Each structure stands twice: as structure tokens, then as C-alpha cells.
>>> print(open('entry.txt').read())   # compact mmCIF, C-alpha atoms
# COMPACT_ATOMS: atom_id res chain seq x y z
CA MET A 24 -29.02 15.52 -3.28
CA ARG A 25 -28.75 16.57 -6.88
CA ILE A 26 -25.95 15.76 -9.29
CA GLY A 27 -24.03 19.03 -8.82
CA GLU A 28 -23.89 18.62 -5.05
CA LEU A 29 -22.80 14.99 -5.33
CA ALA A 30 -20.09 15.91 -7.81
CA ALA A 31 -18.81 18.68 -5.53
CA ARG A 32 -18.81 16.44 -2.44
CA ALA A 33 -17.05 13.65 -4.34
CA GLY A 34 -14.49 16.01 -5.89
CA THR A 35 -15.43 15.16 -9.45
CA THR A 36 -17.58 16.52 -12.28
CA THR A 37 -21.19 16.00 -13.26
CA ARG A 38 -19.93 14.66 -16.58
CA THR A 39 -18.02 11.93 -14.74
CA LEU A 40 -21.11 11.04 -12.73
CA ARG A 41 -23.19 10.74 -15.88
CA TYR A 42 -20.50 8.50 -17.36
CA TYR A 43 -20.51 6.26 -14.27
CA GLU A 44 -24.29 6.13 -14.56
CA SER A 45 -24.05 5.08 -18.22
CA ARG A 46 -21.64 2.30 -17.22
CA GLY A 47 -24.07 1.03 -14.59
CA LEU A 48 -21.87 1.91 -11.63
CA LEU A 49 -24.00 4.71 -10.24
CA PRO A 50 -27.75 4.24 -9.87
CA ALA A 51 -29.95 6.46 -12.00
CA ARG A 52 -32.82 7.58 -9.78
CA ARG A 53 -34.92 10.49 -10.97
CA THR A 54 -37.41 12.78 -9.35
CA GLY A 55 -40.84 13.43 -10.87
CA ASN A 56 -39.47 16.37 -12.84
CA GLY A 57 -36.56 14.31 -14.25
CA TYR A 58 -33.72 15.51 -12.03
CA ARG A 59 -31.19 12.92 -10.94
CA THR A 60 -31.20 12.35 -7.22
CA TYR A 61 -28.56 10.76 -5.00
CA ASP A 62 -27.99 9.89 -1.36
CA GLU A 63 -25.09 9.20 1.00
CA SER A 64 -24.75 5.62 -0.24
CA ASP A 65 -24.06 6.97 -3.73
CA LEU A 66 -21.34 9.20 -2.32
CA ARG A 67 -19.83 6.12 -0.70
CA LEU A 68 -19.87 4.28 -4.04
CA LEU A 69 -18.13 7.22 -5.70
CA ARG A 70 -15.46 7.38 -3.04
CA GLN A 71 -14.78 3.66 -3.52
CA ILE A 72 -14.51 4.09 -7.30
CA ARG A 73 -12.24 7.12 -7.03
CA THR A 74 -9.95 5.51 -4.45
CA LEU A 75 -9.49 2.42 -6.58
CA GLN A 76 -8.86 4.49 -9.69
CA ASP A 77 -6.26 6.52 -7.79
CA PHE A 78 -4.53 3.19 -7.09
CA GLY A 79 -4.48 2.32 -10.80
CA PHE A 80 -7.61 0.19 -11.13
CA ASP A 81 -9.53 0.73 -14.34
CA LEU A 82 -13.21 1.55 -14.14
CA GLU A 83 -14.39 -1.97 -14.89
CA GLU A 84 -12.19 -3.36 -12.11
CA THR A 85 -14.14 -1.23 -9.62
CA ARG A 86 -17.43 -2.97 -10.44
CA PRO A 87 -17.13 -5.85 -7.92
CA PHE A 88 -16.37 -3.34 -5.14
CA VAL A 89 -19.39 -1.23 -6.07
CA GLU A 90 -21.63 -4.30 -6.24
CA CYS A 91 -20.35 -5.42 -2.85
CA LEU A 92 -21.31 -2.06 -1.32
CA ARG A 93 -24.69 -2.14 -3.06
CA ALA A 94 -25.31 -5.60 -1.58
CA GLY A 95 -25.10 -4.00 1.85
CA HIS A 96 -21.60 -4.98 2.91
CA PRO A 97 -19.82 -2.44 5.12
CA GLU A 98 -16.74 -2.41 2.87
CA GLY A 99 -16.47 -2.78 -0.88
CA ASP A 100 -13.63 -5.24 -0.59
CA SER A 101 -15.34 -7.75 1.70
CA CYS A 102 -16.80 -9.88 -1.13
CA PRO A 103 -15.08 -12.76 -2.96
CA ALA A 104 -15.23 -10.98 -6.34
CA SER A 105 -13.47 -7.92 -4.89
CA LEU A 106 -10.78 -10.09 -3.34
CA ALA A 107 -10.24 -11.75 -6.73
CA VAL A 108 -9.69 -8.32 -8.31
CA TYR A 109 -7.17 -7.47 -5.58
CA ARG A 110 -5.30 -10.73 -6.24
CA ARG A 111 -5.27 -10.14 -10.00
CA LYS A 112 -4.07 -6.54 -9.54
CA LEU A 113 -1.28 -7.66 -7.20
CA GLY A 114 -0.17 -10.18 -9.81
CA GLU A 115 -0.05 -7.41 -12.42
CA LEU A 116 1.91 -5.16 -10.08
CA ASP A 117 4.37 -7.94 -9.21
CA SER A 118 4.93 -8.53 -12.92
CA LEU A 119 5.50 -4.82 -13.58
CA ILE A 120 7.88 -4.58 -10.63
CA GLY A 121 9.83 -7.52 -12.04
CA GLU A 122 10.04 -5.88 -15.45
CA LEU A 123 11.13 -2.56 -13.94
CA THR A 124 13.74 -4.30 -11.79
CA THR A 125 15.18 -5.97 -14.89
CA VAL A 126 15.28 -2.65 -16.77
CA ARG A 127 16.87 -0.91 -13.79
CA GLU A 128 19.59 -3.57 -13.55
CA THR A 129 20.30 -3.22 -17.28
CA VAL A 130 20.55 0.57 -17.04
CA ALA A 131 22.83 0.30 -13.98
CA ARG A 132 25.14 -2.08 -15.87
CA GLN A 133 25.21 0.28 -18.88
CA LEU A 134 26.03 3.23 -16.62
CA ALA A 135 28.86 1.33 -14.91
CA ARG A 136 30.26 0.28 -18.31
CA ALA A 137 30.02 3.83 -19.66
CA GLU A 138 31.70 5.30 -16.57
CA LEU A 139 34.58 2.82 -16.85
CA ALA A 140 35.00 3.63 -20.52
CA ALA A 141 34.98 7.37 -19.81
CA GLU A 142 37.63 6.96 -17.09
CA ALA A 143 39.83 4.89 -19.42
CA ARG A 144 39.69 7.58 -22.10
CA THR A 145 40.61 10.41 -19.73
CA PRO A 146 42.49 8.95 -16.76
CA GLY A 147 43.85 12.27 -15.54
CA GLY A 148 41.17 14.52 -16.88
CA PRO A 149 41.19 16.53 -20.08
CA GLU A 150 44.37 17.23 -22.02
CA PRO A 151 45.95 20.54 -20.92
CA GLN A 152 45.46 23.43 -23.30
CA CYS A 153 47.76 26.45 -23.60
CA GLU A 154 45.76 29.54 -22.83
CA LEU A 155 47.90 31.56 -25.24
CA GLY A 156 46.88 29.39 -28.18
CA GLY A 157 50.34 27.91 -28.68
CA ASP A 158 51.56 24.33 -28.54
CA PRO A 159 51.48 23.01 -24.94
CA GLY A 160 54.79 21.25 -25.45
>>> encode(input="entry.txt", output="C-alpha cells")
Amino acid sequence: MRIGELAARAGTTTRTLRYYESRGLLPARRTGNGYRTYDESDLRLLRQIRTLQDFGFDLEETRPFVECLRAGHPEGDSCPASLAVYRRKLGELDSLIGELTTVRETVARQLARAELAAEARTPGGPEPQCELGGDPG
């Protein structure tokens, strides 16, 4: 298949495919007249790359998965290098979750403090106002 068909089937653009090719992630096979040509295995590589990127992996982190598929493995994550990337990514996510949990706890404490302060300032609600513009007393 040609580049436009592959892009359409993968849900991406030809520009993206050319970029992946320039990064060495997508093989650059050409016909006699210079057209790029692809097959189903290339579509599989693209789906692996796109899935990982949807999960927050950067393009370089997808390389071991692509190489695993190219080596003939049925899944891109069945090779030791892919598993190492998963482990590293989980460590990053755990760290981010920890940071977000700390921030959330801080914001919750600030909210509780602010709500208590607001209640102390206006225990019974706002001061009554005379609708006629005179002194309420």
C-alpha cells in the first residue's frame, strides 16, 4: 500500500509517517518509481506507536516495542527492552501520582482552613441591610 492509504488506515497523516521514517521507526521501502510502499506489518508498527503515545510514551520510548515487532515477536511488549520501558514508565507515573497526591492534600488543607475562616467571619450569614437605605438599628 502507498503512504496515503497507510496514513488513512492508521488514522494519522502522511507527514507523521514521513517523520516516523526519518526517526527510523518505520521502514523506508520504495518502488522502482520512488513511491513509498508499506504492508500490514507496517500498519501494526504504527498501531503500536500510536497506542503507546496515547498512553503518554514519547516517540523514542516506543522504539523497543517497534524493534520487538520487527524481530518477529507477536507482541511489541514481549521483549526485555520493552519490559524495561514499561518499568521505567511505571516509576515515572508513581512519582507523578505521589506529587499530585501531595498537592491535592495541600489544596484540601487550604480549602478547609479558608472555609473555617469564612465561617468565623460570618457565623450567621451577612449583616442585615435595611432595604429602605436607613440604619438597621
>>> axis_aligned_box(input="entry.txt", around="region 24-42 of chain A", padding_each_side="6 Å", output="lines of an AutoDock Vina configuration file")
center_x = -21.8
center_y = 13.8
center_z = -9.9
size_x = 26.5
size_y = 22.5
size_z = 26.9
>>> closest_residue(input="entry.txt", among="A:Arg132, A:Arg67, A:Arg127, A:Lys112", to="Glu98 (chain A)", atoms="all atoms listed in the file")
A:Arg67
>>> atom_distance(input="entry.txt", atom1="CA of Arg46 (chain A)", atom2="CA of Glu83 (chain A)")
8.7 Å
>>> residues_near_point(input="entry.txt", point="(-31.6, 7.0, -11.8)", cutoff="12 Å", atoms="all atoms listed in the file", output="VMD selection string")
chain A and resid 25 to 26 40 to 41 43 to 45 47 to 55 57 to 62 65
>>> atom_distance(input="entry.txt", atom1="CA of Arg86 (chain A)", atom2="CA of Leu66 (chain A)")
15.1 Å
>>> closest_residue(input="entry.txt", among="A:Val108, A:Leu139, A:Gly99, A:Glu63", to="Glu84 (chain A)", atoms="all atoms listed in the file")
A:Val108
>>> atom_distance(input="entry.txt", atom1="CA of Leu69 (chain A)", atom2="CA of Ala33 (chain A)")
6.7 Å
>>> closest_residue(input="entry.txt", among="A:Ala30, A:Leu116, A:Leu92, A:Ala104", to="Gly79 (chain A)", atoms="all atoms listed in the file")
A:Leu116
>>> closest_residue(input="entry.txt", among="A:Gly34, A:Ala140, A:Glu122, A:Ala94", to="Thr74 (chain A)", atoms="all atoms listed in the file")
A:Gly34
>>> decode(input="entry.txt", residues="region 48-85 of chain A", atoms="N, CA, C and O atoms", output="short mmCIF file (atom, residue, chain, number, x, y, z; two decimals), in the first residue's frame")
data_model
loop_
_atom_site.label_atom_id
_atom_site.label_comp_id
_atom_site.auth_asym_id
_atom_site.auth_seq_id
_atom_site.Cartn_x
_atom_site.Cartn_y
_atom_site.Cartn_z
N LEU A 48 11.77 4.57 12.71
CA LEU A 48 10.74 3.71 13.30
C LEU A 48 9.90 3.00 12.25
O LEU A 48 9.32 1.96 12.52
N LEU A 49 9.82 3.57 11.09
CA LEU A 49 9.02 3.00 10.01
C LEU A 49 9.95 2.73 8.84
O LEU A 49 10.67 3.64 8.42
N PRO A 50 9.96 1.52 8.33
CA PRO A 50 10.89 1.21 7.23
C PRO A 50 10.59 2.03 5.98
O PRO A 50 9.44 2.33 5.69
N ALA A 51 11.64 2.38 5.29
CA ALA A 51 11.51 3.18 4.07
C ALA A 51 11.78 2.29 2.86
O ALA A 51 12.90 2.19 2.39
N ARG A 52 10.74 1.62 2.39
CA ARG A 52 10.85 0.81 1.17
C ARG A 52 10.27 1.63 0.03
O ARG A 52 9.27 2.32 0.19
N ARG A 53 10.89 1.53 -1.11
CA ARG A 53 10.43 2.31 -2.27
C ARG A 53 10.25 1.41 -3.48
O ARG A 53 10.98 0.44 -3.67
N THR A 54 9.30 1.77 -4.28
CA THR A 54 9.11 1.07 -5.55
C THR A 54 10.11 1.61 -6.56
O THR A 54 10.84 2.57 -6.27
N GLY A 55 10.14 1.02 -7.74
CA GLY A 55 11.06 1.44 -8.79
C GLY A 55 10.89 2.90 -9.18
O GLY A 55 11.86 3.56 -9.56
N ASN A 56 9.67 3.40 -9.08
CA ASN A 56 9.43 4.81 -9.45
C ASN A 56 9.54 5.76 -8.26
O ASN A 56 9.19 6.93 -8.37
N GLY A 57 10.02 5.26 -7.09
CA GLY A 57 10.29 6.12 -5.95
C GLY A 57 9.17 6.26 -4.94
O GLY A 57 9.35 6.92 -3.92
N TYR A 58 8.02 5.65 -5.19
CA TYR A 58 6.93 5.73 -4.22
C TYR A 58 7.23 4.87 -3.00
O TYR A 58 7.76 3.77 -3.12
N ARG A 59 6.87 5.40 -1.84
CA ARG A 59 6.98 4.60 -0.62
C ARG A 59 5.93 3.49 -0.68
O ARG A 59 4.81 3.73 -1.10
N THR A 60 6.32 2.33 -0.16
CA THR A 60 5.37 1.22 -0.14
C THR A 60 5.40 0.56 1.24
O THR A 60 6.45 0.49 1.89
N TYR A 61 4.22 0.14 1.69
CA TYR A 61 4.06 -0.41 3.03
C TYR A 61 3.21 -1.67 2.97
O TYR A 61 2.49 -1.90 2.01
N ASP A 62 3.26 -2.44 4.07
CA ASP A 62 2.43 -3.64 4.16
C ASP A 62 1.74 -3.68 5.52
O ASP A 62 1.85 -2.74 6.31
N GLU A 63 1.05 -4.78 5.78
CA GLU A 63 0.30 -4.92 7.03
C GLU A 63 1.19 -4.85 8.27
O GLU A 63 0.77 -4.37 9.31
N SER A 64 2.42 -5.33 8.15
CA SER A 64 3.32 -5.27 9.31
C SER A 64 3.64 -3.82 9.68
O SER A 64 3.82 -3.49 10.85
N ASP A 65 3.70 -2.96 8.68
CA ASP A 65 3.94 -1.54 8.95
C ASP A 65 2.74 -0.92 9.67
O ASP A 65 2.91 -0.09 10.56
N LEU A 66 1.56 -1.33 9.27
CA LEU A 66 0.35 -0.86 9.95
C LEU A 66 0.37 -1.29 11.41
O LEU A 66 0.03 -0.52 12.32
N ARG A 67 0.82 -2.49 11.66
CA ARG A 67 0.93 -3.00 13.03
C ARG A 67 1.93 -2.17 13.84
O ARG A 67 1.68 -1.84 15.00
N LEU A 68 3.07 -1.83 13.23
CA LEU A 68 4.05 -0.97 13.90
C LEU A 68 3.43 0.37 14.27
O LEU A 68 3.61 0.87 15.38
N LEU A 69 2.71 0.95 13.32
CA LEU A 69 2.08 2.25 13.56
C LEU A 69 1.06 2.18 14.69
O LEU A 69 1.00 3.08 15.53
N ARG A 70 0.29 1.13 14.71
CA ARG A 70 -0.71 1.00 15.77
C ARG A 70 -0.04 0.88 17.13
O ARG A 70 -0.52 1.42 18.12
N GLN A 71 1.09 0.18 17.19
CA GLN A 71 1.84 0.06 18.44
C GLN A 71 2.34 1.44 18.88
O GLN A 71 2.18 1.83 20.03
N ILE A 72 2.93 2.18 17.95
CA ILE A 72 3.46 3.51 18.26
C ILE A 72 2.34 4.42 18.75
O ILE A 72 2.46 5.08 19.78
N ARG A 73 1.23 4.44 18.04
CA ARG A 73 0.13 5.34 18.38
C ARG A 73 -0.50 4.99 19.72
O ARG A 73 -0.83 5.86 20.51
N THR A 74 -0.63 3.69 20.00
CA THR A 74 -1.20 3.27 21.28
C THR A 74 -0.31 3.73 22.43
O THR A 74 -0.79 4.30 23.42
N LEU A 75 0.99 3.51 22.29
CA LEU A 75 1.91 3.92 23.34
C LEU A 75 1.91 5.43 23.51
O LEU A 75 1.94 5.94 24.65
N GLN A 76 1.88 6.17 22.42
CA GLN A 76 1.85 7.62 22.53
C GLN A 76 0.55 8.09 23.19
O GLN A 76 0.57 9.05 23.96
N ASP A 77 -0.55 7.42 22.91
CA ASP A 77 -1.81 7.77 23.57
C ASP A 77 -1.71 7.57 25.08
O ASP A 77 -2.38 8.26 25.85
N PHE A 78 -0.86 6.63 25.51
CA PHE A 78 -0.66 6.37 26.94
C PHE A 78 0.40 7.27 27.55
O PHE A 78 0.73 7.14 28.73
N GLY A 79 0.98 8.18 26.76
CA GLY A 79 1.94 9.14 27.31
C GLY A 79 3.40 8.80 27.07
O GLY A 79 4.28 9.46 27.61
N PHE A 80 3.68 7.78 26.28
CA PHE A 80 5.06 7.44 25.96
C PHE A 80 5.55 8.40 24.89
O PHE A 80 4.81 8.72 23.95
N ASP A 81 6.79 8.87 25.02
CA ASP A 81 7.31 9.71 23.94
C ASP A 81 7.78 8.80 22.80
O ASP A 81 7.86 7.58 22.95
N LEU A 82 8.04 9.41 21.67
CA LEU A 82 8.34 8.63 20.47
C LEU A 82 9.54 7.71 20.66
O LEU A 82 9.52 6.56 20.26
N GLU A 83 10.57 8.20 21.31
CA GLU A 83 11.76 7.37 21.49
C GLU A 83 11.47 6.17 22.39
O GLU A 83 12.07 5.11 22.21
N GLU A 84 10.56 6.33 23.34
CA GLU A 84 10.21 5.21 24.22
C GLU A 84 9.49 4.09 23.46
O GLU A 84 9.42 2.96 23.95
N THR A 85 8.97 4.38 22.28
CA THR A 85 8.27 3.35 21.51
C THR A 85 9.26 2.45 20.74
O THR A 85 8.88 1.37 20.31
#
